[in-house]
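Peer 1: Got a structure for you, data-v7.txt, holding compact mmCIF, C-alpha atoms.
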# COMPACT_ATOMS: atom_id res chain seq x y z
CA MET A 18 12.53 -8.50 21.33
CA ILE A 19 11.79 -9.56 17.76
CA CYS A 20 8.09 -9.10 18.53
CA PHE A 21 8.79 -5.57 19.73
CA ASP A 22 10.70 -4.82 16.50
CA LEU A 23 7.85 -6.26 14.43
CA PHE A 24 5.30 -4.15 16.25
CA LEU A 25 7.30 -0.92 15.96
CA GLY A 26 8.32 -1.59 12.35
CA PHE A 27 4.76 -2.19 11.17
CA LEU A 28 3.35 0.63 13.30
CA ARG A 29 5.61 2.94 11.30
CA VAL A 30 4.33 1.40 8.07
CA GLY A 31 0.70 1.84 9.15
CA LEU A 32 1.27 5.41 10.27
CA PHE A 33 2.85 6.59 7.02
CA ALA A 34 1.11 4.41 4.43
CA PHE A 35 -0.51 7.14 2.37
CA GLY A 36 -1.53 6.40 -1.18
CA GLY A 37 -3.06 2.94 -0.84
CA ALA A 38 -1.44 -0.48 -1.04
CA TYR A 39 1.36 0.47 -3.41
CA GLY A 40 2.14 3.57 -1.37
CA ALA A 41 2.96 1.22 1.51
CA ILE A 42 5.34 -1.00 -0.46
CA PRO A 43 8.38 1.33 -0.29
CA LEU A 44 7.81 1.65 3.48
CA ILE A 45 7.55 -2.11 3.99
CA ARG A 46 10.64 -2.52 1.82
CA ASP A 47 12.54 -0.04 4.03
CA VAL A 48 11.58 -1.93 7.18
CA VAL A 49 12.20 -5.49 5.98
CA LEU A 50 15.56 -4.65 4.38
CA ALA A 51 16.70 -2.67 7.45
CA TYR A 52 15.94 -5.59 9.80
CA GLY A 53 16.98 -8.25 7.26
CA TRP A 54 13.58 -9.94 7.46
CA LEU A 55 13.20 -10.48 3.70
CA SER A 56 15.32 -10.07 0.57
CA ASP A 57 14.13 -7.95 -2.37
CA GLU A 58 13.40 -11.17 -4.29
CA MET A 59 11.30 -12.68 -1.50
CA LEU A 60 9.44 -9.39 -0.99
CA ALA A 61 8.48 -9.31 -4.68
CA ALA A 62 7.24 -12.90 -4.41
CA MET A 63 5.16 -11.99 -1.36
CA ILE A 64 3.68 -8.90 -3.04
CA ALA A 65 2.49 -11.20 -5.83
CA VAL A 66 1.05 -13.69 -3.32
CA SER A 67 -0.71 -10.81 -1.53
CA GLU A 68 -2.19 -9.56 -4.80
CA SER A 69 -3.52 -13.06 -5.49
CA THR A 70 -5.06 -13.67 -2.06
CA PRO A 71 -7.98 -11.75 -0.57
CA GLY A 72 -7.63 -8.76 1.70
CA PRO A 73 -5.53 -5.60 1.93
CA ILE A 74 -1.96 -6.14 0.70
CA MET A 75 -0.48 -4.40 3.77
CA VAL A 76 -2.29 -6.81 6.10
CA ASN A 77 -1.19 -9.82 4.05
CA LEU A 78 2.46 -8.75 4.10
CA ALA A 79 2.38 -7.95 7.84
CA THR A 80 0.89 -11.37 8.62
CA TYR A 81 3.42 -13.21 6.46
CA ILE A 82 6.50 -11.35 7.72
CA GLY A 83 5.32 -11.53 11.35
CA ASN A 84 4.75 -15.28 11.06
CA SER A 85 8.07 -15.93 9.33
CA GLN A 86 9.96 -14.07 12.07
CA ALA A 87 8.09 -15.04 15.24
CA GLY A 88 5.22 -17.44 14.52
CA LEU A 89 1.64 -16.73 15.54
CA PRO A 90 2.42 -13.98 18.11
CA GLY A 91 4.60 -12.23 15.53
CA ALA A 92 1.88 -12.46 12.88
CA ALA A 93 -0.76 -11.12 15.28
CA LEU A 94 1.42 -8.24 16.51
CA ALA A 95 2.58 -7.16 13.05
CA THR A 96 -0.99 -7.24 11.73
CA LEU A 97 -2.32 -5.31 14.74
CA ALA A 98 0.45 -2.72 14.35
CA VAL A 99 -0.21 -2.12 10.66
CA ILE A 100 -3.95 -1.48 11.15
CA LEU A 101 -3.81 0.35 14.50
CA PRO A 102 -2.90 3.84 13.16
CA SER A 103 -5.72 3.97 10.60
CA PHE A 104 -8.19 2.58 13.16
CA VAL A 105 -7.26 5.21 15.75
CA ILE A 106 -7.12 8.08 13.25
CA ILE A 107 -10.61 7.32 11.86
CA LEU A 108 -12.02 7.10 15.41
CA LEU A 109 -10.37 10.43 16.31
CA ILE A 110 -11.80 12.07 13.20
CA MET A 111 -15.29 10.70 13.93
CA ILE A 112 -15.31 11.48 17.65
CA ALA A 113 -13.32 14.61 18.23
CA LEU A 114 -11.69 16.06 15.16
CA LYS A 115 -14.45 16.25 12.54
CA THR A 116 -12.79 19.23 10.87
CA LEU A 117 -9.19 18.00 11.19
CA LEU A 118 -8.80 17.21 7.50
CA LYS A 119 -10.31 20.56 6.49
CA ASN A 120 -7.74 22.47 8.56
CA PRO A 121 -5.65 24.55 6.11
CA TYR A 122 -2.36 23.59 7.79
CA VAL A 123 -3.17 19.87 7.69
CA GLN A 124 -4.16 20.33 4.05
CA ALA A 125 -0.86 22.07 3.32
CA VAL A 126 1.14 19.20 4.86
CA LEU A 127 -0.89 16.61 2.92
CA ARG A 128 -0.32 18.54 -0.33
CA GLY A 129 3.40 17.92 0.22
CA VAL A 130 3.22 14.34 1.47
CA LYS A 131 1.06 12.96 -1.36
CA PRO A 132 3.32 13.93 -4.30
CA CYS A 133 6.28 12.68 -2.25
CA VAL A 134 4.62 9.26 -1.90
CA THR A 135 4.03 9.27 -5.67
CA GLY A 136 7.71 10.02 -6.30
CA VAL A 137 8.84 7.31 -3.85
CA VAL A 138 6.57 4.70 -5.48
CA LEU A 139 7.81 5.72 -8.94
CA ALA A 140 11.44 5.36 -7.84
CA THR A 141 10.73 1.98 -6.22
CA GLY A 142 9.07 0.68 -9.40
CA ILE A 143 11.88 1.90 -11.65
CA TYR A 144 14.54 0.57 -9.28
CA MET A 145 12.90 -2.87 -9.01
CA ILE A 146 12.63 -3.17 -12.81
CA LEU A 147 16.25 -2.05 -13.32
CA ASN A 148 17.45 -4.36 -10.57
CA ASN A 149 15.58 -7.30 -12.16
CA CYS A 150 17.04 -6.57 -15.59
CA PHE A 151 20.57 -5.43 -14.79
CA GLY A 152 21.27 -6.76 -11.28
CA LEU A 153 22.15 -3.38 -9.74
CA LYS A 154 22.96 -5.00 -6.41
CA GLY A 155 26.33 -6.73 -6.64
CA GLY A 156 27.64 -5.27 -9.88
CA PHE A 157 26.21 -4.57 -13.31
CA SER A 158 25.18 -7.85 -14.94
CA PRO A 159 22.46 -7.57 -17.59
CA ASP A 160 20.19 -10.60 -17.85
CA TRP A 161 18.67 -10.83 -21.33
CA ARG A 162 15.83 -13.12 -20.33
CA SER A 163 14.72 -10.72 -17.60
CA ILE A 164 14.95 -7.73 -19.95
CA VAL A 165 12.78 -9.44 -22.57
CA LEU A 166 10.30 -10.61 -19.91
CA SER A 167 9.98 -7.14 -18.37
CA ALA A 168 9.52 -5.57 -21.82
CA VAL A 169 6.81 -8.08 -22.74
CA LEU A 170 4.95 -7.64 -19.43
CA GLY A 171 5.27 -3.84 -19.64
CA ALA A 172 3.85 -3.95 -23.17
CA VAL A 173 0.92 -6.12 -21.97
CA MET A 174 0.17 -3.80 -19.01
CA PHE A 175 0.53 -0.42 -20.70
CA GLY A 176 -0.38 -1.61 -24.21
CA SER A 177 -3.72 -3.07 -23.10
CA LYS A 178 -4.66 0.31 -21.66
CA ALA A 179 -3.79 2.15 -24.86
CA VAL A 180 -5.14 -0.36 -27.40
CA LEU A 181 -8.05 -2.12 -25.69
CA LYS A 182 -8.94 0.81 -23.37
CA LYS A 183 -9.07 -1.76 -20.63
CA LYS A 184 -6.59 -2.29 -17.83
CA THR A 185 -5.02 -5.72 -17.40
CA SER A 186 -5.87 -6.93 -13.90
CA PRO A 187 -2.87 -7.49 -11.60
CA ILE A 188 -3.78 -11.16 -11.14
CA VAL A 189 -3.84 -11.75 -14.92
CA LEU A 190 -0.44 -10.08 -15.28
CA ILE A 191 0.97 -12.19 -12.43
CA MET A 192 -0.33 -15.41 -14.01
CA VAL A 193 1.10 -14.48 -17.42
CA SER A 194 4.45 -13.67 -15.79
CA ALA A 195 4.50 -17.02 -13.97
CA VAL A 196 3.98 -18.92 -17.23
CA LEU A 197 6.65 -16.82 -18.98
CA GLY A 198 8.96 -17.38 -16.01
CA VAL A 199 8.71 -21.16 -16.31
CA MET A 200 9.31 -20.90 -20.07
CA ALA A 201 12.34 -18.61 -19.66
CA TYR A 202 14.09 -20.12 -16.65
CA GLY A 203 13.21 -23.79 -17.05
CA ILE A 204 11.52 -26.52 -15.06
CA MET B 28 -28.90 -10.81 14.41
CA ASN B 29 -26.96 -8.91 17.02
CA THR B 30 -25.44 -5.74 15.49
CA LEU B 31 -21.89 -6.59 16.52
CA ALA B 32 -22.10 -10.10 15.08
CA ASP B 33 -23.71 -8.70 11.93
CA LEU B 34 -20.88 -6.16 11.51
CA PHE B 35 -18.25 -8.85 12.03
CA VAL B 36 -19.82 -11.32 9.58
CA THR B 37 -20.54 -8.72 6.89
CA PHE B 38 -17.00 -7.34 6.94
CA ALA B 39 -15.51 -10.84 7.10
CA LYS B 40 -17.46 -11.60 3.93
CA ILE B 41 -16.10 -8.47 2.26
CA GLY B 42 -12.58 -9.39 3.41
CA THR B 43 -12.89 -12.88 1.95
CA PHE B 44 -14.01 -11.84 -1.51
CA THR B 45 -11.82 -8.88 -2.42
CA PHE B 46 -8.58 -9.62 -4.18
CA GLY B 47 -5.83 -7.06 -4.45
CA GLY B 48 -7.38 -4.83 -1.81
CA GLY B 49 -7.71 -1.08 -2.21
CA TYR B 50 -10.39 0.28 -4.48
CA ALA B 51 -11.75 -3.14 -5.38
CA MET B 52 -13.00 -3.21 -1.80
CA ILE B 53 -14.84 0.10 -2.04
CA SER B 54 -17.41 -1.25 -4.47
CA LEU B 55 -18.02 -4.34 -2.33
CA ILE B 56 -18.38 -2.24 0.83
CA GLU B 57 -20.75 0.07 -1.03
CA ASN B 58 -22.79 -2.92 -2.17
CA ASN B 59 -23.05 -4.43 1.31
CA CYS B 60 -23.24 -1.43 3.62
CA VAL B 61 -25.17 1.04 1.47
CA GLU B 62 -27.44 -1.07 -0.74
CA GLN B 63 -28.12 -4.19 1.31
CA LYS B 64 -27.86 -3.13 4.96
CA ASN B 65 -28.54 0.61 4.76
CA TRP B 66 -25.88 1.18 7.40
CA ILE B 67 -24.54 4.29 5.71
CA THR B 68 -25.70 6.47 2.80
CA HIS B 69 -23.97 6.77 -0.55
CA ASP B 70 -22.80 10.27 0.42
CA GLU B 71 -21.24 8.95 3.62
CA MET B 72 -19.46 6.29 1.57
CA MET B 73 -18.03 9.00 -0.70
CA ASN B 74 -16.98 10.85 2.44
CA VAL B 75 -15.18 7.75 3.72
CA ALA B 76 -13.32 7.47 0.41
CA VAL B 77 -12.22 11.11 0.70
CA ILE B 78 -11.07 10.63 4.30
CA ALA B 79 -9.21 7.46 3.28
CA GLU B 80 -7.33 9.45 0.62
CA SER B 81 -5.95 11.76 3.29
CA THR B 82 -5.28 9.30 6.11
CA PRO B 83 -2.71 6.50 6.23
CA GLY B 84 -3.45 2.79 6.15
CA PRO B 85 -5.53 0.41 4.05
CA ILE B 86 -8.76 2.02 2.78
CA ALA B 87 -10.70 -1.11 3.81
CA ILE B 88 -9.69 -0.57 7.45
CA ASN B 89 -10.77 3.08 7.28
CA ALA B 90 -14.18 2.10 5.90
CA ALA B 91 -14.70 -0.75 8.38
CA THR B 92 -13.81 1.44 11.34
CA TYR B 93 -16.12 4.22 10.12
CA VAL B 94 -19.14 2.00 9.53
CA GLY B 95 -18.50 -0.04 12.69
CA TYR B 96 -18.26 3.04 14.90
CA LYS B 97 -21.40 4.56 13.42
CA MET B 98 -23.46 1.38 13.97
CA GLY B 99 -22.05 0.12 17.27
CA GLY B 100 -19.68 2.61 18.86
CA LEU B 101 -16.20 1.51 19.86
CA ALA B 102 -17.21 -2.18 20.10
CA GLY B 103 -18.74 -1.93 16.63
CA ALA B 104 -15.55 -0.40 15.21
CA VAL B 105 -13.50 -3.25 16.69
CA ALA B 106 -15.93 -5.92 15.43
CA ALA B 107 -16.00 -4.56 11.86
CA THR B 108 -12.23 -4.05 11.69
CA LEU B 109 -11.51 -7.53 13.09
CA GLY B 110 -14.00 -8.89 10.57
CA ILE B 111 -12.26 -7.38 7.57
CA VAL B 112 -8.78 -8.42 8.72
CA MET B 113 -9.57 -11.96 9.89
CA PRO B 114 -9.93 -13.72 6.50
CA SER B 115 -6.65 -12.44 5.02
CA PHE B 116 -4.88 -13.09 8.31
CA LEU B 117 -6.05 -16.71 8.44
CA ILE B 118 -5.40 -17.38 4.74
CA ILE B 119 -1.86 -15.96 4.77
CA PHE B 120 -1.13 -17.64 8.10
CA ALA B 121 -2.20 -21.00 6.71
CA LEU B 122 -0.28 -20.44 3.47
CA SER B 123 3.00 -19.19 4.91
CA SER B 124 4.51 -22.34 6.34
CA TRP B 125 3.58 -24.22 3.20
CA LEU B 126 4.74 -21.40 0.91
CA ASP B 127 8.42 -21.63 1.85
CA GLN B 128 8.53 -25.31 0.83
CA PHE B 129 6.53 -24.55 -2.31
CA LEU B 130 9.06 -21.88 -3.37
CA GLY B 131 11.84 -24.47 -3.07
CA ILE B 132 10.51 -26.46 -6.07
CA THR B 133 12.54 -25.60 -9.19
CA TRP B 134 9.70 -24.82 -11.60
CA VAL B 135 7.91 -22.76 -8.95
CA ALA B 136 11.10 -20.79 -8.37
CA SER B 137 11.28 -20.16 -12.13
CA ALA B 138 7.66 -19.01 -12.17
CA PHE B 139 8.34 -16.61 -9.30
CA ARG B 140 11.40 -15.20 -11.11
CA GLY B 141 8.93 -14.25 -13.84
CA VAL B 142 6.47 -12.92 -11.27
CA ARG B 143 9.18 -10.61 -9.92
CA MET B 144 9.20 -8.80 -13.28
CA ALA B 145 5.41 -8.44 -13.09
CA VAL B 146 5.61 -6.90 -9.61
CA GLY B 147 8.05 -4.25 -10.90
CA ILE B 148 5.61 -3.41 -13.70
CA LEU B 149 2.65 -3.31 -11.25
CA ILE B 150 4.44 -0.85 -8.98
CA LEU B 151 5.36 1.32 -11.98
CA ASP B 152 1.72 1.21 -13.10
CA ALA B 153 0.55 2.26 -9.62
CA ALA B 154 2.95 5.22 -9.78
CA VAL B 155 1.67 6.23 -13.24
CA THR B 156 -1.92 6.17 -11.92
CA MET B 157 -0.88 8.31 -8.94
CA ILE B 158 0.88 10.82 -11.21
CA ARG B 159 -2.27 11.12 -13.35
CA LYS B 160 -4.34 11.92 -10.23
CA MET B 161 -1.81 14.48 -8.98
CA GLN B 162 -2.57 18.22 -9.08
CA LYS B 163 -1.02 19.68 -12.22
CA LYS B 164 0.86 22.45 -10.40
CA PRO B 165 4.58 23.29 -10.13
CA LEU B 166 5.02 22.57 -6.39
CA PRO B 167 3.57 19.02 -6.30
CA ARG B 168 5.46 18.23 -9.51
CA ALA B 169 8.73 19.50 -8.05
CA ILE B 170 8.20 17.55 -4.81
CA MET B 171 7.35 14.42 -6.81
CA LEU B 172 10.48 14.67 -8.98
CA CYS B 173 12.81 15.49 -6.06
CA SER B 174 11.40 12.62 -3.96
CA CYS B 175 11.77 10.24 -6.88
CA ALA B 176 15.39 11.29 -7.48
CA ALA B 177 16.22 11.11 -3.77
CA MET B 178 14.63 7.66 -3.41
CA MET B 179 16.50 6.44 -6.49
CA LEU B 180 19.83 7.52 -4.94
CA ILE B 181 18.88 5.97 -1.58
CA ASN B 182 18.17 2.66 -3.34
CA LEU B 183 21.24 2.71 -5.57
CA PHE B 184 23.71 3.47 -2.80
CA SER B 185 21.82 1.63 -0.02
CA TRP B 186 21.80 4.78 2.11
CA ARG B 187 20.15 4.41 5.48
CA PHE B 188 17.60 7.13 4.94
CA SER B 189 13.99 6.10 5.26
CA SER B 190 11.23 7.14 2.87
CA ILE B 191 9.36 8.35 5.97
CA SER B 192 11.98 11.07 6.40
CA LEU B 193 11.40 12.10 2.78
CA MET B 194 7.66 12.34 3.47
CA LEU B 195 8.24 14.46 6.58
CA ILE B 196 10.57 16.79 4.65
CA ALA B 197 8.02 17.10 1.81
CA GLY B 198 5.26 17.90 4.31
CA ALA B 199 7.45 20.54 5.98
CA VAL B 200 8.35 22.13 2.62
CA SER B 201 4.71 22.30 1.57
CA LEU B 202 3.71 23.79 4.94
CA SER B 203 6.48 26.40 4.73
CA VAL B 204 5.42 27.45 1.23
CA PHE B 205 1.84 27.77 2.51
CA TRP B 206 3.03 29.98 5.42
CA ILE B 207 5.21 32.18 3.23
CA LYS B 208 2.39 32.68 0.76
CA ALA B 209 -0.13 33.46 3.53
CA ALA B 210 2.15 35.74 5.58
CA PRO B 211 2.29 38.90 3.37
CA ALA B 212 -1.48 38.90 2.97
CA GLN B 213 -2.04 38.80 6.73
CA LYS B 214 0.61 41.45 7.42
CA GLY B 215 -0.91 43.75 4.78
CA GLY B 216 -4.29 43.31 6.39
CA ALA B 217 -2.97 44.17 9.86
CA ASP B 218 -1.15 47.34 8.69
CA GLN B 219 -4.19 48.88 7.18
Mind turning this structure into structure tokens?

Peer 2:
Amino acid sequence: MICFDLFLGFLRVGLFAFGGAYGAIPLIRDVVLAYGWLSDEMLAAMIAVSESTPGPIMVNLATYIGNSQAGLPGAALATLAVILPSFVIILLIMIALKTLLKNPYVQAVLRGVKPCVTGVVLATGIYMILNNCFGLKGGFSPDWRSIVLSAVLGAVMFGSKAVLKKKTSPIVLIMVSAVLGVMAYGI
Amino acid sequence: MNTLADLFVTFAKIGTFTFGGGYAMISLIENNCVEQKNWITHDEMMNVAVIAESTPGPIAINAATYVGYKMGGLAGAVAATLGIVMPSFLIIFALSSWLDQFLGITWVASAFRGVRMAVGILILDAAVTMIRKMQKKPLPRAIMLCSCAAMMLINLFSWRFSSISLMLIAGAVSLSVFWIKAAPAQKGGADQ
């Protein structure tokens, strides 16, 4: 039964994951919170692990969550489910529907879906930052260390782009945040 | 080497050496499949990137399936896709049992509390990049802002309303606007 849930849950993620890895994160968050597979905190930790290990983030998360819920069969099913839609859609486009994406109605739908994904990702990012800093879940409780940490990391990420004209790589930001985390919250 | 084995090994190599996924993979796929193996042309690679933009799922899977199918039919598509997934699957699988214990250590837990802040910033940065690439027109902007506001409310009040429903609504709105705009023109044409 859990395997069935994993398969269906990640099939939904794979089917609607427009907008690359970060477009999929709100979807994965929906699924794992609905089934109670991971907490927000654990999901954030796993996103960081996925960024720091090779391969597509969606595949990494599917493998981890599948394994944590149902061992090897769970991992295999969740991973299969998350890649199946894109595999089938590309085959369909190559074999039968070469002009599918040029169809004006398909284009019109996509023109609506893409900005929606952008909005959903924006809301997820803002919510996660606010939740980290002010503990939105379970009452308003500002945490000064988290606020300072988020401000510093935000300044590094967005400041480096403005000042050095070079983007900080996600892995560098994650490593900096880990060091700051140890300094702020203790050993 | 057998084509299927070659597809599997090449994509497994690509899967092992790309961190963070997404567009980092495109350059590695380009390097391997266009420059070294001559499996596809540069134009085809651009085409794959365009298709990936408009289809769901990891871009690496899209590219592997495309190249695999072109070189070896259905079996080729399966070999290439398995190849690109296998390394991350094995690495995460090996890490996961060990990871839970690792996260139990106090200083590691502290480090990951810091990492949580970084993940928030990374998601915000991804959104900013997506907004920059968005068409600068009223309808996409309105859809983006409404979706963002709706998702914010869903998160704050823990409503059971999935982001997939938001995407379906946005697609339907965009399609309706397209129909309404197209309808008068067609009618006018038919009357005359």

Peer 1: What are the centre and the three edge lengths of an axis-aligned box that wraps all atoms of range 59-70 of chain A in the file, given that 8 Å is added to every side, written as lines of an AutoDock Vina configuration file and rounded to one decimal in Å?

Peer 2:
center_x = 3.1
center_y = -11.3
center_z = -3.4
size_x = 32.4
size_y = 20.8
size_z = 20.8

Peer 1: Please list as a list in words every residue within 6 Å of range 94-103 of chain A, counting all atoms listed in the file and excluding residues in the same chain fewer than 5 positions away.

Peer 2: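 Near neighbours after the sequence-gap exclusion: Leu23, Phe24, Phe27, Leu28, Gly31, Leu32, Val76, Ala79, Thr80 and Gly83 of chain A; Pro83 and Gly84 of chain B.
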
Peer 1: Please produce an output containing C-alpha atoms for each residue in the selection, written as a PDB file, in the coordinates of the input.

Peer 2:
ATOM      1  CA  LEU A  23       7.850  -6.260  14.430  1.00  0.00           C
ATOM      2  CA  PHE A  24       5.300  -4.150  16.250  1.00  0.00           C
ATOM      3  CA  PHE A  27       4.760  -2.190  11.170  1.00  0.00           C
ATOM      4  CA  LEU A  28       3.350   0.630  13.300  1.00  0.00           C
ATOM      5  CA  GLY A  31       0.700   1.840   9.150  1.00  0.00           C
ATOM      6  CA  LEU A  32       1.270   5.410  10.270  1.00  0.00           C
ATOM      7  CA  VAL A  76      -2.290  -6.810   6.100  1.00  0.00           C
ATOM      8  CA  ALA A  79       2.380  -7.950   7.840  1.00  0.00           C
ATOM      9  CA  THR A  80       0.890 -11.370   8.620  1.00  0.00           C
ATOM     10  CA  GLY A  83       5.320 -11.530  11.350  1.00  0.00           C
TER      11      GLY A  83
ATOM     12  CA  PRO B  83      -2.710   6.500   6.230  1.00  0.00           C
ATOM     13  CA  GLY B  84      -3.450   2.790   6.150  1.00  0.00           C
TER      14      GLY B  84
END

Peer 1: Show which residues sit within 10 Å of Ala51 in chain A, as a ChimeraX atom specification. Count only C-alpha atoms, and ignore same-chain residues fewer than 3 positions away.

Peer 2: /A:26,45-48,54-55 /B:187,189

Peer 1: Mind pulling up the distance from CA of Ala38 in chain A to CA of Cys175 in chain B?

Peer 2: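 For CA of Cys175 in chain B relative to CA of Ala38 in chain A, the distance reads 18.0 Å.
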
Peer 1: Provide the CA of Ala93 in chain A to CA of Pro85 in chain B distance in Å, to one decimal place.

Peer 2: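 The value is 16.8 Å.
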
Peer 1: Counting all atoms listed in the file, what is within 12 Å of Val130 in chain A, bar same-chain residues fewer than 3 positions away, as number ranges by chain?

Peer 2: A: 33-36, 40, 123-127, 133-137; B: 80-83, 161, 166-168, 170-171, 174, 190-202

Peer 1: Of the candidates A:Met200, A:Val49, A:Val30, A:Ile107, which shows the shortest atom-to-atom distance to Ser85 in chain A, using all atoms listed in the file?

Peer 2: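 Checking each candidate against Ser85 in chain A, we get A:Val49 as the closest.
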
Peer 1: Provide the CA of Pro71 in chain A to CA of Leu34 in chain B distance in Å, to one decimal place.

Peer 2: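 We find that CA of Pro71 in chain A and CA of Leu34 in chain B lie 18.5 Å from each other.
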
Peer 1: Point out the residue among B:Asn59, B:Tyr93, B:Ser124, B:Ala107 with the least atom-to-atom distance to Val75 in chain B, counting all atoms listed in the file.

Peer 2: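 Between B:Asn59, B:Tyr93, B:Ser124, B:Ala107, the residue approaching Val75 in chain B most closely is B:Tyr93.
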
Peer 1: Pick from B:Gly42, B:Gly131, B:Gly95, B:Gly110: nearest to chain A, with all atoms listed in the file counted?

Peer 2: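 Looking only at the distances to chain A, the closest residue turns out to be B:Gly42.
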
Peer 1: Please identify all polymer residues within 10 Å of Val199 in chain A, counting only C-alpha atoms, omitting same-chain residues fewer than 5 positions from it, and present them as a list of chain:residue names.

Peer 2: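 Listing them by chain and then by number gives A:Ser194, A:Ile204, B:Thr133, B:Trp134, B:Val135, B:Ala136, B:Ser137, B:Ala138, B:Phe139, B:Arg140, B:Gly141, B:Val142.
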
Peer 1: Between B:Asp127, B:Gly147, B:Val105, B:Leu180, which residue has the minimum interatomic distance to Asn149 in chain A, considering only C-alpha atoms?

Peer 2: B:Gly147

Peer 1: Of the residues B:Ala177, B:Trp66, B:Leu126, B:Ile150, which is the one nearest to Ile64 in chain A, using only C-alpha atoms?

Peer 2: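 Ranking B:Ala177, B:Trp66, B:Leu126, B:Ile150 by distance to Ile64 in chain A, first place goes to B:Ile150.
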